[in-house]
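Dropping run-v5.cif in here (mmCIF, C-alpha atoms):
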```cif
data_upload
loop_
_atom_site.label_atom_id
_atom_site.label_comp_id
_atom_site.auth_asym_id
_atom_site.auth_seq_id
_atom_site.Cartn_x
_atom_site.Cartn_y
_atom_site.Cartn_z
CA MET A 25 21.94 -147.70 -66.80
CA ALA A 26 18.26 -146.77 -66.52
CA ALA A 27 18.51 -146.79 -62.75
CA ALA A 28 21.54 -144.48 -62.90
CA GLN A 29 19.70 -142.03 -65.17
CA ILE A 30 16.70 -142.01 -62.84
CA CYS A 31 19.02 -141.38 -59.90
CA ARG A 32 20.70 -138.47 -61.68
CA LYS A 33 17.32 -136.97 -62.58
CA GLN A 34 16.14 -137.27 -58.99
CA THR A 35 19.36 -135.66 -57.78
CA ARG A 36 18.97 -132.74 -60.20
CA ALA A 37 15.34 -132.33 -59.18
CA LEU A 38 16.28 -132.39 -55.51
CA SER A 39 19.02 -129.81 -56.10
CA ALA A 40 16.60 -127.57 -57.97
CA LEU A 41 14.06 -127.91 -55.17
CA CYS A 42 16.67 -127.06 -52.55
CA ALA A 43 17.78 -124.03 -54.56
CA CYS A 44 14.18 -122.90 -54.87
CA LEU A 45 13.57 -123.32 -51.15
CA LEU A 46 16.79 -121.48 -50.39
CA CYS A 47 15.73 -118.63 -52.65
CA ILE A 48 12.31 -118.45 -51.00
CA GLY A 49 13.90 -118.56 -47.57
CA THR A 50 16.27 -115.74 -48.49
CA LEU A 51 13.39 -113.70 -49.89
CA ASP A 52 11.35 -114.27 -46.73
CA LEU A 53 14.32 -113.15 -44.66
CA LEU A 54 14.75 -110.01 -46.74
CA VAL A 55 11.05 -109.22 -46.53
CA SER A 56 11.00 -109.77 -42.78
CA ARG A 57 14.02 -107.50 -42.40
CA ALA A 58 12.36 -104.87 -44.56
CA TRP A 59 9.25 -104.94 -42.42
CA ALA A 60 11.43 -104.75 -39.32
CA THR A 61 13.67 -101.90 -40.43
CA TYR A 62 11.71 -99.68 -42.82
CA PRO A 63 9.09 -98.54 -40.28
CA ARG A 64 11.89 -97.56 -37.89
CA ARG A 65 13.72 -95.70 -40.65
CA ASP A 66 10.53 -93.93 -41.68
CA ALA A 67 9.79 -93.13 -38.04
CA ALA A 68 13.21 -91.52 -37.66
CA LEU A 69 12.75 -89.39 -40.78
CA GLY A 70 9.22 -88.45 -39.75
CA TYR A 71 10.25 -87.54 -36.23
CA TYR A 72 13.20 -85.43 -37.36
CA THR A 73 11.21 -83.67 -40.09
CA ALA A 74 8.55 -82.74 -37.52
CA ALA A 75 11.19 -81.58 -35.04
CA LEU A 76 12.47 -79.09 -37.63
CA LYS A 77 9.07 -77.34 -37.49
CA GLY A 78 8.55 -76.73 -41.19
CA ALA A 79 12.15 -75.86 -42.02
CA ALA A 80 12.75 -79.14 -43.89
CA ARG A 81 11.64 -79.86 -47.44
CA VAL A 82 11.28 -83.63 -47.73
CA THR A 83 9.45 -85.43 -50.55
CA ASN A 84 8.79 -89.07 -51.36
CA TYR A 85 10.11 -88.58 -54.88
CA GLU A 86 13.73 -87.83 -54.07
CA PRO A 87 16.13 -89.80 -51.88
CA GLN A 88 17.25 -88.03 -48.74
CA SER A 89 20.84 -86.90 -48.42
CA THR A 90 23.25 -88.91 -46.30
CA MET A 91 23.62 -86.05 -43.84
CA PHE A 92 19.86 -85.71 -43.37
CA LYS A 93 19.39 -89.44 -42.80
CA ARG A 94 22.23 -89.56 -40.28
CA LEU A 95 20.87 -86.57 -38.37
CA ALA A 96 17.40 -88.13 -38.39
CA LYS A 97 18.72 -91.41 -37.03
CA LEU A 98 20.71 -89.68 -34.28
CA HIS A 99 17.87 -87.40 -33.22
CA TYR A 100 15.44 -90.31 -33.13
CA ARG A 101 17.84 -92.38 -31.05
CA ALA A 102 18.40 -89.49 -28.65
CA ALA A 103 14.64 -89.02 -28.28
CA GLU A 104 14.28 -92.70 -27.38
CA LEU A 105 16.96 -92.32 -24.71
CA ARG A 106 15.28 -89.20 -23.34
CA ARG A 107 11.97 -91.06 -23.03
CA GLN A 108 13.87 -93.66 -21.00
CA ARG A 109 15.38 -90.83 -18.93
CA LYS A 110 18.87 -91.86 -20.01
CA TRP A 111 20.05 -88.28 -20.16
CA ASP A 112 23.79 -88.93 -20.42
CA GLY A 113 23.30 -91.26 -23.36
CA ALA A 114 21.01 -88.79 -25.13
CA SER A 115 23.52 -85.96 -24.63
CA ALA A 116 26.28 -88.10 -26.13
CA VAL A 117 24.14 -88.78 -29.21
CA TYR A 118 23.35 -85.08 -29.71
CA ARG A 119 27.04 -84.22 -29.37
CA THR A 120 27.81 -86.80 -32.04
CA ALA A 121 25.28 -85.07 -34.28
CA LEU A 122 26.99 -81.72 -33.71
CA THR A 123 30.28 -83.08 -35.04
CA LEU A 124 28.60 -83.79 -38.39
CA TYR A 125 28.09 -80.08 -39.11
CA THR A 126 31.84 -79.62 -39.48
CA SER A 127 32.71 -83.00 -41.00
CA MET A 128 30.02 -83.61 -43.65
CA PRO A 129 28.37 -81.66 -46.48
CA PRO A 130 25.24 -79.83 -45.29
CA PRO A 131 21.87 -81.52 -45.83
CA LYS A 132 20.02 -80.39 -48.93
CA GLU A 133 16.62 -80.78 -47.27
CA VAL A 134 17.02 -78.15 -44.56
CA PRO A 135 19.14 -75.01 -44.01
CA SER A 136 22.20 -75.72 -41.90
CA PHE A 137 21.33 -73.05 -39.34
CA ALA A 138 17.92 -74.62 -38.70
CA ALA A 139 19.32 -78.14 -38.40
CA ALA A 140 22.08 -76.94 -36.09
CA ALA A 141 19.70 -74.91 -33.93
CA CYS A 142 17.47 -77.96 -33.51
CA THR A 143 20.40 -80.07 -32.32
CA TRP A 144 21.78 -77.42 -29.96
CA LEU A 145 18.32 -76.81 -28.50
CA ASN A 146 17.68 -80.48 -27.79
CA LEU A 147 21.13 -80.93 -26.28
CA ALA A 148 20.62 -77.96 -23.95
CA LEU A 149 17.19 -79.20 -22.85
CA THR A 150 18.61 -82.66 -22.22
CA GLU A 151 21.36 -81.24 -20.02
CA LYS A 152 18.74 -79.16 -18.21
CA ASN A 153 16.57 -82.23 -17.58
CA ASN A 154 19.66 -84.01 -16.28
CA GLY A 155 20.17 -81.27 -13.70
CA HIS A 156 23.35 -80.00 -15.37
CA PHE A 157 22.28 -76.36 -15.39
CA ASP A 158 25.71 -74.80 -15.91
CA THR A 159 26.36 -77.17 -18.81
CA ALA A 160 22.95 -76.35 -20.28
CA ARG A 161 23.76 -72.63 -20.12
CA ARG A 162 27.06 -73.19 -21.94
CA VAL A 163 25.26 -75.21 -24.59
CA PHE A 164 22.77 -72.37 -25.13
CA GLN A 165 25.65 -69.89 -25.37
CA ASP A 166 27.60 -72.01 -27.82
CA GLY A 167 24.48 -72.84 -29.80
CA THR A 168 23.36 -69.24 -30.30
CA ARG A 169 26.88 -68.26 -31.33
CA PHE A 170 27.11 -71.20 -33.76
CA VAL A 171 23.76 -70.38 -35.38
CA GLN A 172 24.69 -66.70 -35.76
CA GLU A 173 27.96 -67.68 -37.41
CA LEU A 174 26.06 -69.87 -39.88
CA MET A 175 23.63 -67.03 -40.58
CA GLN A 176 26.51 -64.73 -41.41
CA LYS A 177 28.23 -67.38 -43.52
CA ASP A 178 25.20 -68.71 -45.41
CA LEU A 179 22.93 -65.66 -45.54
CA ASP A 180 25.31 -62.71 -45.18
CA VAL A 181 23.30 -61.56 -42.16
CA ARG A 182 24.63 -60.52 -38.79
CA ILE A 183 23.02 -59.23 -35.60
CA ASP A 184 24.37 -55.99 -34.13
CA GLY A 185 24.58 -54.90 -30.50
CA GLN A 186 20.96 -53.70 -30.55
CA ASN A 187 19.77 -57.07 -31.86
CA ARG A 188 19.03 -55.64 -35.30
CA LEU A 189 19.67 -57.55 -38.50
CA ARG A 190 22.43 -56.18 -40.69
CA SER A 191 23.34 -57.25 -44.19
CA ARG A 192 25.26 -55.99 -47.19
CA THR A 193 22.42 -57.38 -49.30
CA VAL A 194 19.46 -55.02 -49.09
CA ASP A 195 16.71 -57.66 -49.35
CA ALA A 196 18.43 -60.32 -47.25
CA THR A 197 16.75 -59.35 -43.98
CA SER A 198 13.28 -59.89 -45.46
CA SER A 199 13.95 -63.23 -47.15
CA SER A 200 12.13 -66.37 -46.04
CA GLU A 201 15.40 -68.09 -45.13
CA VAL A 202 16.37 -65.21 -42.84
CA GLN A 203 12.95 -65.38 -41.18
CA VAL A 204 13.42 -69.12 -40.55
CA ALA A 205 16.87 -68.47 -39.10
CA CYS A 206 15.52 -65.73 -36.83
CA LYS A 207 12.70 -67.94 -35.56
CA TRP A 208 15.12 -70.71 -34.65
CA LEU A 209 17.55 -68.33 -33.00
CA ALA A 210 14.69 -66.74 -31.06
CA THR A 211 13.54 -70.19 -29.94
CA LEU A 212 17.01 -70.88 -28.57
CA LEU A 213 17.00 -67.55 -26.72
CA VAL A 214 13.57 -68.13 -25.16
CA ALA A 215 14.53 -71.62 -23.98
CA TRP A 216 17.73 -70.18 -22.55
CA GLY A 217 15.70 -67.49 -20.79
CA LEU A 218 13.46 -70.12 -19.22
CA LEU A 219 16.56 -71.82 -17.84
CA GLU A 220 17.70 -68.53 -16.31
CA THR A 221 14.32 -68.03 -14.61
CA LYS A 222 14.65 -71.50 -13.11
CA LEU A 223 18.03 -70.48 -11.71
CA GLY A 224 16.67 -67.19 -10.35
CA PHE A 225 18.29 -64.84 -12.89
CA ARG A 226 15.17 -62.93 -13.91
CA LEU A 227 16.97 -59.92 -15.37
CA ARG A 228 19.10 -62.13 -17.59
CA ALA A 229 15.96 -63.96 -18.66
CA LYS A 230 14.27 -60.67 -19.58
CA VAL A 231 17.23 -59.57 -21.70
CA LEU A 232 17.15 -62.88 -23.56
CA ALA A 233 13.39 -62.57 -24.07
CA GLU A 234 13.83 -59.06 -25.48
CA ARG A 235 16.47 -60.32 -27.89
CA ALA A 236 14.13 -63.09 -28.99
CA ALA A 237 11.22 -60.66 -29.49
CA ASN A 238 13.37 -58.45 -31.72
CA LEU A 239 14.12 -61.42 -33.94
CA ASP A 240 10.65 -62.99 -33.96
CA VAL A 241 7.57 -60.94 -33.06
CA SER A 242 5.68 -64.08 -32.04
CA LYS A 243 8.08 -64.35 -29.08
CA ALA A 244 7.02 -60.93 -27.74
CA LYS A 245 4.37 -62.62 -25.59
CA VAL A 246 7.18 -63.96 -23.42
CA LEU A 247 7.73 -60.41 -22.14
CA SER A 248 4.24 -60.49 -20.60
CA TRP A 249 5.09 -63.43 -18.36
CA LYS A 250 5.02 -62.53 -14.68
CA VAL A 251 8.43 -64.06 -14.15
CA VAL A 252 10.08 -61.37 -16.32
CA GLN A 253 7.78 -58.45 -15.54
CA GLY A 254 8.81 -55.80 -13.05
CA VAL A 255 12.51 -56.60 -13.44
#
```
Take the structure I supplied and represent it as structure tokens, if you would.
Amino acid sequence: MAAAQICRKQTRALSALCACLLCIGTLDLLVSRAWATYPRRDAALGYYTAALKGAARVTNYEPQSTMFKRLAKLHYRAAELRRQRKWDGASAVYRTALTLYTSMPPPKEVPSFAAAACTWLNLALTEKNNGHFDTARRVFQDGTRFVQELMQKDLDVRIDGQNRLRSRTVDATSSSEVQVACKWLATLLVAWGLLETKLGFRLRAKVLAERAANLDVSKAKVLSWKVVQGV
């Protein structure tokens, strides 16, 4: 009887020890996974926030929206592929990101027009680097149109034939959000103009540069470039 009791006690002790070791092993696995994944996640958020050039408002006190985290992950992945010169793969990732703007709620951390402009810009530059110049031009065209549609929808601001801002709201054209939208749209136009200079269309590049300068005065310096002067 005594031997049986000792055996049962040893069995219970062994079971407890195994459970403890299993728990420790599981904890170690979770910790190792955390160390493996959290830096990558933080890197994606950091990269994407920087890519938005001040348009995003991200804090450590509030969780990021699902849309923002997905866009960050996709942009970070595309950037990795671009560094590896895997242009087709990067383009596919950016195009996946573009589908989110019509299938998910907008991110709360950044205006939709800024996020969209960032994606369209990177897609166009990727196609350009891949030597797909006609595709890059179409991306710039579609991107500028998409951003202007978002500006009209979200800000009640449109751009007329003389590249002037128009709004039914008197103060809309001087708001900080409108200024951010104009800077991003102007950035798209300048990048598009650079593509046109590469293809030999200097007059088209100058028109795009003038449009950009009307939207963002900091882009006026582009008009002093030799490649667009004397056209």
Give me the residues within 9 Å of A:Cys142 as a ChimeraX atom specification, counting all atoms listed in the file and dropping any in the same chain fewer than 3 places off.
/A:75-76,137-139,145-147,208,212
Hey, can you spit out that residue selection with C-alpha atoms as a short mmCIF file (atom, residue, chain, number, x, y, z; two decimals), keeping the file's coordinate frame?
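Saved the output as part_32.cif:
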```
data_model
loop_
_atom_site.label_atom_id
_atom_site.label_comp_id
_atom_site.auth_asym_id
_atom_site.auth_seq_id
_atom_site.Cartn_x
_atom_site.Cartn_y
_atom_site.Cartn_z
CA ALA A 75 11.19 -81.58 -35.04
CA LEU A 76 12.47 -79.09 -37.63
CA PHE A 137 21.33 -73.05 -39.34
CA ALA A 138 17.92 -74.62 -38.70
CA ALA A 139 19.32 -78.14 -38.40
CA LEU A 145 18.32 -76.81 -28.50
CA ASN A 146 17.68 -80.48 -27.79
CA LEU A 147 21.13 -80.93 -26.28
CA TRP A 208 15.12 -70.71 -34.65
CA LEU A 212 17.01 -70.88 -28.57
#
```
Hey, which of A:Gly167, A:Thr73, A:Gly185, A:Ala79 ends up closest to A:Arg119? Count all atoms listed in the file.
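The closest residue to A:Arg119 is A:Gly167.
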Enumerate, as a PyMOL selection string, the residues matched when the PyMOL selection byres ((chain A and resi 153-163) around 12) is run on the file above.
chain A and resi 106-107+109-115+118-119+122+141+143-152+164-171+212-213+215-225+228-229
Exercise: A:Phe92 partners within 12 Å, all atoms listed in the file, chain neighbours under 3 positions left out, as a compact mmCIF listing (two decimals) with C-alpha atoms, keeping the file's coordinate frame:
```txt
# COMPACT_ATOMS: atom_id res chain seq x y z
CA ALA A 68 13.21 -91.52 -37.66
CA LEU A 69 12.75 -89.39 -40.78
CA GLY A 70 9.22 -88.45 -39.75
CA TYR A 72 13.20 -85.43 -37.36
CA THR A 73 11.21 -83.67 -40.09
CA LEU A 76 12.47 -79.09 -37.63
CA ALA A 80 12.75 -79.14 -43.89
CA ARG A 81 11.64 -79.86 -47.44
CA VAL A 82 11.28 -83.63 -47.73
CA PRO A 87 16.13 -89.80 -51.88
CA GLN A 88 17.25 -88.03 -48.74
CA SER A 89 20.84 -86.90 -48.42
CA LEU A 95 20.87 -86.57 -38.37
CA ALA A 96 17.40 -88.13 -38.39
CA LYS A 97 18.72 -91.41 -37.03
CA LEU A 98 20.71 -89.68 -34.28
CA HIS A 99 17.87 -87.40 -33.22
CA ALA A 121 25.28 -85.07 -34.28
CA LEU A 124 28.60 -83.79 -38.39
CA TYR A 125 28.09 -80.08 -39.11
CA MET A 128 30.02 -83.61 -43.65
CA PRO A 129 28.37 -81.66 -46.48
CA PRO A 130 25.24 -79.83 -45.29
CA PRO A 131 21.87 -81.52 -45.83
CA LYS A 132 20.02 -80.39 -48.93
CA GLU A 133 16.62 -80.78 -47.27
CA VAL A 134 17.02 -78.15 -44.56
CA PRO A 135 19.14 -75.01 -44.01
CA SER A 136 22.20 -75.72 -41.90
CA ALA A 139 19.32 -78.14 -38.40
CA ALA A 140 22.08 -76.94 -36.09
```
Fewer than 3 positions away in the same chain doesn't count, so skip those; otherwise give me all residues within 10 Å of A:Asn238, counting all atoms listed in the file, as a list in words.
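Selected residues are Gln186, Asn187, Arg188, Leu189, Cys206, Ala210, Ala233, Glu234, Arg235, Val241, Ser242, Lys243 and Ala244 of chain A.
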Length of the atom CA of A:Ala236 to atom CA of A:Leu209 vector [Å]
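So the two atoms, atom CA of A:Ala236 and atom CA of A:Leu209, lie 7.4 Å apart.
The spacing separating atom CA of A:Ala102 from atom CA of A:Lys177 amounts to 28.4 Å.
Note that the spacing between atom CA of A:Leu232 and atom CA of A:Val214 amounts to 6.6 Å.
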Looking at all atoms listed in the file, which of A:Leu105, A:Lys230, A:Gly78, A:Val246 is the one that sits closest to A:Glu201?
A:Gly78
Chain and number of each residue from the PyMOL selection byres ((chain A and resi 181) around 8), as number ranges by chain:
A: 175-177, 179-180, 182-183, 189-192, 196-197, 202
